[in-house]
$ cat model_24.tsv   # TSV, C-alpha atoms
chain	number	residue	atom	x	y	z
A	1	MET	CA	1.70	49.87	-0.42
A	2	THR	CA	0.95	47.55	2.48
A	3	LEU	CA	2.94	44.36	2.40
A	4	LEU	CA	1.17	41.16	3.40
A	5	GLN	CA	2.51	39.16	6.27
A	6	GLN	CA	3.10	35.48	5.61
A	7	SER	CA	3.37	32.69	8.16
A	8	GLU	CA	6.83	32.12	9.59
A	9	PRO	CA	8.34	28.85	8.40
A	10	THR	CA	9.63	26.17	10.76
A	11	ARG	CA	12.83	24.48	9.68
A	12	TYR	CA	12.13	20.84	10.53
A	13	SER	CA	9.23	18.51	11.31
A	14	ARG	CA	8.98	14.99	12.64
A	15	ILE	CA	6.46	12.38	13.73
A	16	LEU	CA	6.10	12.98	17.47
A	17	ALA	CA	4.07	9.87	18.32
A	18	MET	CA	1.80	7.24	16.80
A	19	GLY	CA	-1.17	5.10	17.78
A	20	ALA	CA	-3.00	2.12	16.28
A	21	GLU	CA	-6.33	0.35	16.54
A	22	ARG	CA	-7.23	-2.92	14.83
A	23	GLY	CA	-10.62	-4.40	14.18
A	24	GLU	CA	-11.46	-6.61	17.17
A	25	ASN	CA	-12.49	-9.75	15.29
A	26	VAL	CA	-9.99	-12.29	13.95
A	27	VAL	CA	-11.18	-13.65	10.59
A	28	THR	CA	-9.38	-16.78	9.38
A	29	ASN	CA	-8.89	-17.92	5.79
A	30	ASP	CA	-11.20	-20.87	6.48
A	31	ASP	CA	-13.89	-18.39	7.55
A	32	ILE	CA	-13.95	-16.79	4.10
A	33	ALA	CA	-12.69	-19.52	1.72
A	34	GLY	CA	-16.09	-21.14	1.04
A	35	PRO	CA	-17.83	-18.47	-1.07
A	36	ILE	CA	-14.72	-17.97	-3.23
A	37	ASP	CA	-14.09	-21.71	-3.67
A	38	SER	CA	-10.63	-21.32	-2.19
A	39	SER	CA	-8.58	-22.66	0.71
A	40	ASP	CA	-6.34	-21.55	3.56
A	41	GLU	CA	-3.34	-22.89	1.62
A	42	TRP	CA	-4.21	-20.99	-1.59
A	43	ILE	CA	-4.80	-17.70	0.23
A	44	GLN	CA	-1.56	-18.00	2.20
A	45	GLN	CA	0.45	-18.91	-0.89
A	46	ARG	CA	-0.97	-16.03	-2.94
A	47	THR	CA	-1.01	-13.32	-0.29
A	48	GLY	CA	0.85	-14.33	2.88
A	49	ILE	CA	-2.32	-13.61	4.86
A	50	VAL	CA	-3.11	-16.09	7.63
A	51	THR	CA	-5.81	-14.06	9.38
A	52	ARG	CA	-7.21	-10.56	9.02
A	53	ARG	CA	-8.76	-8.26	11.61
A	54	ARG	CA	-12.23	-6.83	11.07
A	55	ALA	CA	-14.40	-4.56	13.20
A	56	GLY	CA	-17.86	-5.44	14.45
A	57	ALA	CA	-21.09	-3.84	13.27
A	58	ASP	CA	-21.09	-1.36	16.15
A	59	ARG	CA	-17.78	0.31	15.24
A	60	ASP	CA	-17.32	2.51	12.19
A	61	VAL	CA	-14.31	4.20	10.67
A	62	LEU	CA	-14.68	7.17	13.01
A	63	ASP	CA	-14.61	4.93	16.07
A	64	LEU	CA	-11.45	3.22	14.83
A	65	SER	CA	-9.91	6.63	14.05
A	66	GLU	CA	-10.76	8.03	17.46
A	67	ALA	CA	-9.22	5.07	19.29
A	68	ALA	CA	-5.97	5.32	17.28
A	69	ALA	CA	-5.84	9.11	17.61
A	70	ARG	CA	-6.29	9.06	21.40
A	71	LYS	CA	-3.36	6.63	21.72
A	72	ALA	CA	-1.18	8.86	19.51
A	73	LEU	CA	-2.09	12.00	21.48
A	74	ASP	CA	-1.40	10.25	24.79
A	75	ALA	CA	1.96	9.03	23.52
A	76	ALA	CA	2.83	12.56	22.39
A	77	GLY	CA	1.78	14.02	25.74
A	78	LEU	CA	-0.70	16.25	23.94
A	79	THR	CA	-4.45	16.78	23.99
A	80	GLY	CA	-6.86	17.61	21.21
A	81	ALA	CA	-6.49	21.28	22.07
A	82	ASP	CA	-2.85	21.12	20.91
A	83	ILE	CA	-3.84	20.01	17.40
A	84	ASP	CA	-4.16	22.64	14.64
A	85	ALA	CA	-5.10	20.37	11.76
A	86	VAL	CA	-6.66	16.93	11.37
A	87	ILE	CA	-6.21	14.98	8.14
A	88	VAL	CA	-8.08	11.70	7.73
A	89	SER	CA	-7.34	9.43	4.79
A	90	THR	CA	-10.15	6.95	4.20
A	91	ILE	CA	-12.32	5.48	1.47
A	92	THR	CA	-14.83	4.03	3.92
A	93	HIS	CA	-16.33	7.02	5.70
A	94	MET	CA	-19.92	6.34	4.67
A	95	HIS	CA	-20.90	9.98	4.22
A	96	MET	CA	-19.88	12.01	1.19
A	97	THR	CA	-20.09	15.00	3.56
A	98	PRO	CA	-19.28	16.19	6.18
A	99	SER	CA	-15.76	14.85	6.44
A	100	ALA	CA	-14.64	12.25	8.97
A	101	ALA	CA	-11.88	14.64	9.99
A	102	SER	CA	-14.20	17.42	11.18
A	103	ILE	CA	-16.23	15.03	13.34
A	104	LEU	CA	-13.09	13.37	14.66
A	105	ALA	CA	-11.51	16.74	15.50
A	106	ASP	CA	-14.56	17.59	17.57
A	107	ARG	CA	-14.59	14.23	19.35
A	108	LEU	CA	-10.96	14.77	20.30
A	109	GLY	CA	-11.52	18.29	21.60
A	110	ALA	CA	-9.47	19.73	18.73
A	111	THR	CA	-12.19	22.16	17.51
A	112	PRO	CA	-11.55	24.61	15.81
A	113	ALA	CA	-8.66	22.74	14.16
A	114	ALA	CA	-8.62	22.71	10.38
A	115	ALA	CA	-10.02	19.34	9.32
A	116	PHE	CA	-10.34	17.55	6.00
A	117	ASP	CA	-10.36	14.08	4.47
A	118	ILE	CA	-8.16	12.95	1.62
A	119	SER	CA	-8.98	10.27	-0.94
A	120	ALA	CA	-5.74	8.53	-1.81
A	121	ALA	CA	-6.69	4.95	-0.95
A	122	CYS	CA	-3.72	2.84	0.14
A	123	ALA	CA	-1.32	5.78	-0.37
A	124	GLY	CA	-3.43	7.97	1.91
A	125	TYR	CA	-1.27	7.80	5.01
A	126	THR	CA	1.95	8.71	3.19
A	127	TYR	CA	0.05	11.43	1.30
A	128	GLY	CA	-1.08	12.70	4.72
A	129	ILE	CA	2.40	12.65	6.22
A	130	GLY	CA	3.69	14.61	3.22
A	131	GLN	CA	0.97	17.22	3.69
A	132	ALA	CA	1.48	17.43	7.46
A	133	ASP	CA	5.22	17.90	6.96
A	134	ALA	CA	4.50	20.76	4.55
A	135	LEU	CA	1.88	22.38	6.82
A	136	VAL	CA	4.17	22.32	9.86
A	137	ARG	CA	7.26	23.60	8.04
A	138	ALA	CA	5.28	26.30	6.25
A	139	GLY	CA	4.05	27.54	9.61
A	140	LEU	CA	0.40	26.84	8.73
A	141	ALA	CA	-0.03	24.47	11.67
A	142	ARG	CA	2.05	23.57	14.71
A	143	ASN	CA	0.78	20.05	15.36
A	144	VAL	CA	-1.04	18.00	12.73
A	145	LEU	CA	-2.89	14.75	13.37
A	146	VAL	CA	-2.72	12.35	10.42
A	147	ILE	CA	-5.01	9.32	10.40
A	148	GLY	CA	-5.22	6.42	7.98
A	149	ALA	CA	-8.45	4.59	8.73
A	150	GLU	CA	-10.56	2.01	6.96
A	151	LYS	CA	-13.49	-0.24	7.62
A	152	LEU	CA	-13.04	-2.08	4.34
A	153	SER	CA	-15.41	-4.83	5.45
A	154	GLU	CA	-18.17	-2.34	4.50
A	155	ILE	CA	-17.27	-2.59	0.81
A	156	ILE	CA	-16.35	-6.23	0.30
A	157	ASP	CA	-18.21	-8.96	-1.57
A	158	PRO	CA	-17.76	-12.41	0.02
A	159	THR	CA	-17.95	-14.02	-3.45
A	160	ASP	CA	-15.26	-11.77	-4.98
A	161	ARG	CA	-12.00	-13.59	-5.73
A	162	SER	CA	-10.02	-10.46	-6.65
A	163	ILE	CA	-9.54	-8.37	-3.50
A	164	SER	CA	-12.19	-8.84	-0.80
A	165	PHE	CA	-10.44	-11.75	0.90
A	166	LEU	CA	-7.35	-9.60	1.48
A	167	LEU	CA	-9.07	-6.82	3.35
A	168	GLY	CA	-9.25	-5.87	7.00
A	169	ASP	CA	-10.28	-2.95	9.24
A	170	GLY	CA	-8.17	-0.64	11.36
A	171	ALA	CA	-6.78	2.83	11.93
A	172	GLY	CA	-3.36	4.30	12.51
A	173	ALA	CA	-2.55	7.80	13.71
A	174	ALA	CA	0.53	10.01	13.74
A	175	VAL	CA	1.07	13.40	15.34
A	176	VAL	CA	3.40	15.53	13.22
A	177	GLY	CA	4.96	18.60	14.80
A	178	PRO	CA	8.00	20.89	14.77
A	179	SER	CA	11.43	19.43	15.42
A	180	ASP	CA	14.99	20.58	16.13
A	181	THR	CA	16.32	17.97	13.69
A	182	PRO	CA	15.06	16.66	10.32
A	183	GLY	CA	12.45	13.94	10.83
A	184	ILE	CA	10.56	13.63	7.55
A	185	GLY	CA	12.39	13.41	4.22
A	186	PRO	CA	11.01	14.80	0.97
A	187	THR	CA	7.81	13.06	-0.12
A	188	VAL	CA	7.98	11.46	-3.57
A	189	TRP	CA	4.40	11.23	-4.73
A	190	GLY	CA	2.29	10.97	-7.85
A	191	SER	CA	-0.56	9.34	-9.69
A	192	ASP	CA	-1.40	7.45	-12.88
A	193	GLY	CA	-5.10	7.82	-13.60
A	194	SER	CA	-4.70	5.93	-16.88
A	195	LYS	CA	-4.85	2.83	-14.66
A	196	HIS	CA	-7.93	3.94	-12.70
A	197	THR	CA	-9.75	0.68	-13.40
A	198	ALA	CA	-6.99	-1.53	-11.95
A	199	ILE	CA	-8.51	-1.12	-8.45
A	200	ARG	CA	-12.11	0.04	-8.63
A	201	GLN	CA	-15.61	0.22	-7.22
A	202	THR	CA	-17.93	-2.14	-9.12
A	203	HIS	CA	-20.36	0.69	-9.98
A	204	SER	CA	-21.23	4.17	-8.78
A	205	TRP	CA	-23.73	5.05	-6.04
A	206	GLN	CA	-25.84	6.71	-8.74
A	207	GLU	CA	-25.92	3.54	-10.82
A	208	TRP	CA	-26.97	1.60	-7.73
A	209	ARG	CA	-29.75	4.10	-7.02
A	210	GLU	CA	-31.05	3.74	-10.57
A	211	ASP	CA	-30.76	-0.06	-10.64
A	212	SER	CA	-30.85	-1.63	-7.19
A	213	SER	CA	-30.37	-5.10	-8.71
A	214	LEU	CA	-26.70	-4.16	-9.13
A	215	GLY	CA	-26.35	-4.44	-5.37
A	216	TRP	CA	-24.23	-2.46	-2.94
A	217	PRO	CA	-21.01	-1.32	-4.68
A	218	THR	CA	-17.91	-3.25	-3.64
A	219	LEU	CA	-14.23	-3.33	-4.58
A	220	ARG	CA	-12.50	-5.24	-7.36
A	221	GLN	CA	-8.92	-5.31	-8.64
A	222	ASP	CA	-6.93	-6.71	-11.53
A	223	GLY	CA	-4.57	-8.60	-9.25
A	224	PRO	CA	-1.71	-9.42	-11.63
A	225	THR	CA	-1.71	-5.87	-13.07
A	226	VAL	CA	-1.58	-4.33	-9.60
A	227	PHE	CA	1.09	-6.81	-8.52
A	228	LYS	CA	3.30	-5.91	-11.48
A	229	TRP	CA	2.84	-2.16	-10.99
A	230	ALA	CA	3.38	-2.26	-7.23
A	231	SER	CA	6.34	-4.61	-7.33
A	232	PHE	CA	8.30	-3.11	-10.20
A	233	GLN	CA	7.18	0.51	-10.64
A	234	MET	CA	7.08	1.38	-6.95
A	235	ALA	CA	10.65	0.29	-6.23
A	236	PRO	CA	12.11	3.28	-8.17
A	237	ILE	CA	9.73	5.60	-6.26
A	238	ALA	CA	10.99	4.24	-2.93
A	239	ALA	CA	14.57	4.50	-4.20
A	240	LYS	CA	14.00	8.16	-5.12
A	241	ALA	CA	12.62	8.85	-1.62
A	242	MET	CA	15.88	7.50	-0.21
A	243	ALA	CA	17.99	9.51	-2.65
A	244	ASP	CA	16.04	12.73	-2.00
A	245	ALA	CA	16.50	12.23	1.75
A	246	GLY	CA	20.23	11.70	1.23
A	247	VAL	CA	20.27	8.13	2.53
A	248	ALA	CA	21.44	4.85	0.96
A	249	PRO	CA	19.75	1.43	1.32
A	250	GLU	CA	22.34	0.51	3.97
A	251	ASP	CA	21.27	3.54	6.06
A	252	ILE	CA	17.68	2.26	6.29
A	253	GLN	CA	16.85	0.37	9.47
A	254	VAL	CA	13.14	-0.26	8.92
A	255	PHE	CA	11.08	-0.73	5.73
A	256	VAL	CA	7.34	-0.26	6.00
A	257	PRO	CA	5.63	-0.71	2.62
A	258	HIS	CA	1.85	-0.67	2.31
A	259	GLN	CA	0.69	-4.11	3.45
A	260	ALA	CA	-1.01	-5.11	0.19
A	261	ASN	CA	0.30	-8.61	-0.36
A	262	MET	CA	3.32	-10.41	1.13
A	263	ARG	CA	4.60	-11.20	-2.35
A	264	ILE	CA	4.66	-7.50	-3.26
A	265	ILE	CA	6.56	-6.81	-0.03
A	266	ASP	CA	9.09	-9.56	-0.87
A	267	GLN	CA	9.52	-8.28	-4.41
A	268	LEU	CA	10.04	-4.67	-3.25
A	269	VAL	CA	12.72	-5.78	-0.78
A	270	LYS	CA	14.44	-7.62	-3.62
A	271	GLN	CA	14.15	-4.76	-6.13
A	272	LEU	CA	15.40	-2.18	-3.60
A	273	LYS	CA	18.36	-4.40	-2.66
A	274	LEU	CA	17.76	-3.68	1.02
A	275	PRO	CA	20.36	-5.30	3.30
A	276	GLU	CA	19.21	-8.30	5.35
A	277	SER	CA	19.66	-6.21	8.49
A	278	VAL	CA	16.65	-4.07	7.54
A	279	VAL	CA	13.55	-4.86	9.58
A	280	VAL	CA	10.70	-5.38	7.12
A	281	ALA	CA	7.10	-4.85	8.27
A	282	ARG	CA	5.00	-7.96	7.62
A	283	ASP	CA	1.93	-7.05	9.62
A	284	ILE	CA	-0.26	-8.22	6.72
A	285	ALA	CA	0.08	-11.85	7.88
A	286	ASP	CA	-2.43	-11.42	10.67
A	287	THR	CA	-3.98	-8.00	10.03
A	288	GLY	CA	-4.75	-8.26	6.31
A	289	ASN	CA	-4.68	-5.33	3.89
A	290	THR	CA	-6.13	-2.29	5.68
A	291	SER	CA	-5.41	0.26	2.91
A	292	ALA	CA	-4.59	3.70	4.38
A	293	ALA	CA	-4.22	2.22	7.87
A	294	SER	CA	-1.67	-0.44	6.98
A	295	ILE	CA	1.57	1.57	7.26
A	296	PRO	CA	0.88	3.14	10.66
A	297	LEU	CA	-0.55	-0.16	12.00
A	298	ALA	CA	2.59	-2.00	10.91
A	299	THR	CA	4.89	0.73	12.25
A	300	VAL	CA	3.28	0.87	15.67
A	301	ARG	CA	3.49	-2.90	15.92
A	302	LEU	CA	7.23	-2.93	15.15
A	303	LEU	CA	7.77	-0.27	17.82
A	304	GLU	CA	5.60	-2.05	20.40
A	305	GLU	CA	7.27	-5.41	19.78
A	306	GLY	CA	10.75	-3.89	20.01
A	307	GLN	CA	11.70	-4.82	16.44
A	308	ALA	CA	12.16	-1.11	15.78
A	309	THR	CA	13.11	1.66	18.17
A	310	SER	CA	12.60	5.40	18.41
A	311	GLY	CA	15.15	7.21	16.27
A	312	ASP	CA	15.41	4.45	13.65
A	313	ILE	CA	15.43	5.58	10.03
A	314	ALA	CA	12.45	4.09	8.21
A	315	LEU	CA	11.46	4.03	4.55
A	316	GLN	CA	7.70	3.97	3.98
A	317	ILE	CA	5.72	3.77	0.74
A	318	GLY	CA	2.00	3.68	0.09
A	319	PHE	CA	0.44	2.76	-3.26
A	320	GLY	CA	-3.03	1.91	-4.44
A	321	ALA	CA	-6.26	2.79	-6.21
A	322	GLY	CA	-6.01	5.79	-8.49
A	323	LEU	CA	-3.44	4.69	-9.11
A	324	VAL	CA	-1.59	6.82	-6.56
A	325	TYR	CA	1.62	6.53	-4.59
A	326	ALA	CA	3.75	8.38	-2.04
A	327	ALA	CA	7.00	7.51	-0.28
A	328	GLN	CA	9.23	9.20	2.27
A	329	VAL	CA	12.04	8.42	4.68
A	330	ILE	CA	11.17	9.23	8.29
A	331	VAL	CA	12.73	9.06	11.73
A	332	LEU	CA	10.59	6.80	13.90
A	333	PRO	CA	9.02	8.45	16.96
B	1	MET	CA	18.88	-6.05	-31.22
B	2	ALA	CA	16.70	-8.96	-32.34
B	3	ASN	CA	17.37	-12.37	-30.83
B	4	THR	CA	16.93	-15.78	-32.41
B	5	GLU	CA	14.17	-18.03	-31.09
B	6	GLN	CA	16.80	-20.20	-29.42
B	7	GLU	CA	18.35	-17.18	-27.71
B	8	ILE	CA	14.93	-16.08	-26.47
B	9	LEU	CA	14.16	-19.58	-25.18
B	10	THR	CA	17.50	-19.77	-23.37
B	11	GLY	CA	17.04	-16.33	-21.83
B	12	LEU	CA	13.44	-17.00	-20.85
B	13	ALA	CA	14.42	-20.33	-19.29
B	14	GLU	CA	16.96	-18.52	-17.11
B	15	ILE	CA	14.29	-16.06	-15.95
B	16	VAL	CA	11.81	-18.85	-15.20
B	17	ALA	CA	14.47	-20.85	-13.36
B	18	GLU	CA	15.36	-17.81	-11.25
B	19	GLU	CA	11.71	-17.19	-10.33
B	20	THR	CA	10.64	-20.79	-9.71
B	21	GLY	CA	13.75	-22.77	-8.82
B	22	LEU	CA	13.09	-25.12	-11.76
B	23	ASP	CA	15.94	-26.42	-13.92
B	24	THR	CA	16.34	-24.46	-17.16
B	25	ALA	CA	16.07	-27.76	-19.07
B	26	ASP	CA	12.47	-28.08	-17.86
B	27	VAL	CA	11.50	-24.87	-19.64
B	28	ALA	CA	10.74	-26.30	-23.09
B	29	LEU	CA	8.64	-24.73	-25.85
B	30	GLU	CA	5.65	-27.04	-25.41
B	31	LYS	CA	5.41	-26.60	-21.63
B	32	SER	CA	2.35	-24.85	-20.19
B	33	PHE	CA	3.26	-22.18	-17.65
B	34	THR	CA	0.38	-23.10	-15.36
B	35	ASP	CA	-0.19	-26.83	-15.89
B	36	ASP	CA	3.39	-28.05	-16.41
B	37	LEU	CA	5.54	-25.45	-14.65
B	38	ASP	CA	3.06	-24.59	-11.84
B	39	ILE	CA	3.53	-20.84	-12.32
B	40	ASP	CA	0.72	-18.69	-10.90
B	41	SER	CA	-0.45	-15.33	-12.27
B	42	LEU	CA	1.75	-13.29	-9.92
B	43	SER	CA	4.92	-15.23	-10.71
B	44	MET	CA	3.99	-14.92	-14.39
B	45	MET	CA	3.98	-11.13	-14.02
B	46	THR	CA	7.45	-11.24	-12.48
B	47	ILE	CA	8.69	-13.39	-15.37
B	48	VAL	CA	7.07	-11.05	-17.91
B	49	THR	CA	8.68	-7.98	-16.30
B	50	HIS	CA	12.14	-9.54	-16.40
B	51	ALA	CA	11.57	-10.71	-19.98
B	52	GLU	CA	10.57	-7.17	-21.02
B	53	ASP	CA	13.82	-5.84	-19.55
B	54	LYS	CA	15.97	-8.62	-20.99
B	55	PHE	CA	14.59	-8.58	-24.53
B	56	GLY	CA	13.71	-4.89	-24.80
B	57	VAL	CA	10.02	-5.48	-25.58
B	58	ARG	CA	6.70	-4.45	-24.07
B	59	ILE	CA	4.23	-7.20	-23.17
B	60	PRO	CA	0.87	-5.59	-22.26
B	61	ASP	CA	-0.87	-6.99	-19.18
B	62	GLU	CA	-3.91	-7.98	-21.24
B	63	GLU	CA	-1.66	-10.03	-23.52
B	64	VAL	CA	-0.18	-12.14	-20.72
B	65	LYS	CA	-3.22	-14.42	-20.41
B	66	ASN	CA	-2.73	-15.44	-24.05
B	67	LEU	CA	0.77	-16.71	-23.33
B	68	ALA	CA	-0.22	-20.25	-22.31
B	69	THR	CA	3.00	-22.04	-23.21
B	70	VAL	CA	6.69	-21.19	-23.22
B	71	GLY	CA	6.48	-21.34	-27.02
B	72	ASP	CA	3.71	-18.71	-27.02
B	73	ALA	CA	5.94	-16.38	-25.01
B	74	VAL	CA	8.96	-16.98	-27.24
B	75	SER	CA	6.87	-16.26	-30.34
B	76	TYR	CA	5.39	-13.12	-28.82
B	77	ILE	CA	8.80	-11.75	-27.84
B	78	LYS	CA	10.23	-12.62	-31.25
B	79	GLY	CA	7.32	-10.86	-32.97
B	80	ALA	CA	7.65	-7.82	-30.73
B	81	GLN	CA	11.35	-7.52	-31.52
B	82	ASP	CA	10.91	-7.83	-35.29
$ encode --input "model_24.tsv" --output "structure tokens"
Amino acid sequence: MTLLQQSEPTRYSRILAMGAERGENVVTNDDIAGPIDSSDEWIQQRTGIVTRRRAGADRDVLDLSEAAARKALDAAGLTGADIDAVIVSTITHMHMTPSAASILADRLGATPAAAFDISAACAGYTYGIGQADALVRAGLARNVLVIGAEKLSEIIDPTDRSISFLLGDGAGAAVVGPSDTPGIGPTVWGSDGSKHTAIRQTHSWQEWREDSSLGWPTLRQDGPTVFKWASFQMAPIAAKAMADAGVAPEDIQVFVPHQANMRIIDQLVKQLKLPESVVVARDIADTGNTSAASIPLATVRLLEEGQATSGDIALQIGFGAGLVYAAQVIVLP
Amino acid sequence: MANTEQEILTGLAEIVAEETGLDTADVALEKSFTDDLDIDSLSMMTIVTHAEDKFGVRIPDEEVKNLATVGDAVSYIKGAQD
């Protein structure tokens, strides 16, 4: 009997390099407070957001992705031809098919790389890193490009007081490849679809087609419910990611939670009992909540500003609509 | 183990004081969380979470909006324990 050959595993993987691209327009709280009968003070107190970055009409989620990906490839000293798989996490690619990843792969010269999108909302980047780690170590791909990209301004309602005012546009990219040393700890991930209405689209595309008076579907959330879940149920997930990676809170140098709301970030730091020496990403203050893009955007910023350095041990956790979540400890590129 | 109303009030006041910086003496039964104690919906969720842990009860998210006063919360927790 002929025995199948299976791909040769690689022992370790790591993030080789990252890149980021923010929406080019700065949108202040005063710019958006009118239609929601709010104020700069209220928005800052509730969310920690001072400004958010949004992209203009001429740039879509693919354009943001491409810009971030090119920076990551340059930083890695690679070209598209070196990439075997492209994973894009987004909820704002405006085509059900084909995927953003296949078009992006072609733009980058990565064809015929494997390419697919994942739908894991604000946990999408950490879902993607977990998959890339597995693909590289299983020998299914040598270099994987992971992108978290959103143009959330496409699906906001200026009169919505629940989530729209938080949201921004951007993309972050990471190249994951083989490594001589461990660079990505075990991913702790999961979902709880019983809470699928906590962050939701107002109605389906089909419902909109059948009744156009419903208007373009936009996002809503049950803010306090999401706050409670993210603040108190995500801390044990992040703690498990540390335990599974064999590190203690005092070993962590950088904490990059999904940039959902500054008060969730503060509560997570408190629940995790992270030492004061830990650098905590607070990119939300002037970028807003960019869903799948928020963790790589915040990470690249810390590296560029010198608050974090290559080789630092970072804890990252994404969480959002689904509800879904994923956390892992990584070595920064 | 079930607590008396006074024990629940004392414990709840400690949680509210920790979250808000208010004095525990300010957390009286008739006080409104929003109007008197200036507690917003996110802080309320933090208080509810700590109260669930402290008193061993479950307070569903949809129930929280019905807890207008400190007394409402004490009664709910007492009822949930019994």
$ closest_residue --input "model_24.tsv" --among "A:Ile49, A:Ile264, A:Leu4, A:Leu73" --to "chain B" --atoms "all atoms listed in the file"
A:Ile264
$ interface_residues --input "model_24.tsv" --of "chain A" --to "chain B" --cutoff "8 Å" --atoms "only C-alpha atoms" --output "list in words"
Arg46, Gly223, Pro224, Thr225, Phe227, Lys228 and Phe232 of chain A
$ closest_residue --input "model_24.tsv" --among "B:Ala17, B:Ile8, B:Ile39, B:Leu22" --to "B:Ala73" --atoms "all atoms listed in the file"
B:Ile8
$ residues_around --input "model_24.tsv" --residues "stretch 28-34 of chain B" --least-positions-apart "6" --cutoff "7 Å" --atoms "only C-alpha atoms" --output "list in words"
Asp40, Ala68, Thr69, Val70 and Gly71 of chain B
$ residues_around --input "model_24.tsv" --residues "A:Ala281" --least-positions-apart "4" --cutoff "12 Å" --atoms "only C-alpha atoms" --output "number ranges by chain"
A: 253-262, 265-266, 268-269, 285-287, 294-303, 305, 307-308, 314-317
$ atom_distance --input "model_24.tsv" --atom1 "atom CA of A:Gly288" --atom2 "atom CA of A:Gly170"
9.8 Å
$ residues_around --input "model_24.tsv" --residues "A:Gln201" --least-positions-apart "2" --cutoff "12 Å" --atoms "all atoms listed in the file" --output "ChimeraX atom specification"
/A:91-92,121,155-157,163-164,196-199,203-205,207-208,215-222,321-322
$ atom_distance --input "model_24.tsv" --atom1 "atom CA of A:Ser277" --atom2 "atom CA of A:Pro249"
10.5 Å
$ residues_around --input "model_24.tsv" --residues "B:Arg58" --least-positions-apart "4" --cutoff "9 Å" --atoms "all atoms listed in the file" --output "PyMOL selection string"
chain B and resi 49+51-53+77+80
$ closest_residue --input "model_24.tsv" --among "A:Asp180, A:Glu154, A:Glu21, A:Asp117" --to "A:Leu64" --atoms "only C-alpha atoms"
A:Glu21
$ residues_around --input "model_24.tsv" --residues "A:Phe165" --least-positions-apart "2" --cutoff "12 Å" --atoms "only C-alpha atoms" --output "number ranges by chain"
A: 27-40, 42-44, 46-54, 152-153, 155-163, 167-168, 219-221, 260-261, 287-290
$ atom_distance --input "model_24.tsv" --atom1 "atom CA of B:Glu19" --atom2 "atom CA of A:Arg263"
12.3 Å
$ closest_residue --input "model_24.tsv" --among "B:Asn66, B:Glu7, B:Asp35, B:Ile47" --to "B:Thr20" --atoms "all atoms listed in the file"
B:Ile47
$ closest_residue --input "model_24.tsv" --among "A:Gly148, A:Ala134, A:Thr126, A:Ser102" --to "A:Gly190" --atoms "only C-alpha atoms"
A:Thr126
$ decode --input "model_24.tsv" --residues "stretch 311-322 of chain A" --atoms "N, CA and C atoms" --output "tab-separated table (two decimals), in the first residue's frame"
chain	number	residue	atom	x	y	z
A	311	GLY	N	11.50	42.19	19.98
A	311	GLY	CA	11.91	41.20	20.97
A	311	GLY	C	11.11	41.27	22.25
A	312	ASP	N	10.34	42.35	22.44
A	312	ASP	CA	9.47	42.44	23.63
A	312	ASP	C	8.41	41.35	23.59
A	313	ILE	N	8.01	40.90	24.77
A	313	ILE	CA	6.93	39.91	24.87
A	313	ILE	C	5.61	40.66	25.04
A	314	ALA	N	4.69	40.41	24.12
A	314	ALA	CA	3.42	41.15	24.12
A	314	ALA	C	2.24	40.18	24.25
A	315	LEU	N	1.27	40.60	25.02
A	315	LEU	CA	0.00	39.88	25.13
A	315	LEU	C	-1.02	40.62	24.28
A	316	GLN	N	-1.70	39.91	23.38
A	316	GLN	CA	-2.72	40.57	22.56
A	316	GLN	C	-4.02	39.77	22.63
A	317	ILE	N	-5.13	40.51	22.64
A	317	ILE	CA	-6.45	39.83	22.68
A	317	ILE	C	-7.44	40.63	21.86
A	318	GLY	N	-8.13	39.92	20.97
A	318	GLY	CA	-9.20	40.52	20.19
A	318	GLY	C	-10.53	39.93	20.64
A	319	PHE	N	-11.59	40.73	20.57
A	319	PHE	CA	-12.92	40.27	20.99
A	319	PHE	C	-13.97	41.13	20.33
A	320	GLY	N	-15.08	40.51	19.93
A	320	GLY	CA	-16.10	41.33	19.28
A	320	GLY	C	-17.28	40.54	18.79
A	321	ALA	N	-17.94	41.09	17.74
A	321	ALA	CA	-19.22	40.57	17.27
A	321	ALA	C	-19.13	39.08	16.97
A	322	GLY	N	-20.12	38.39	17.44
A	322	GLY	CA	-20.19	36.92	17.24
A	322	GLY	C	-21.03	36.21	18.29
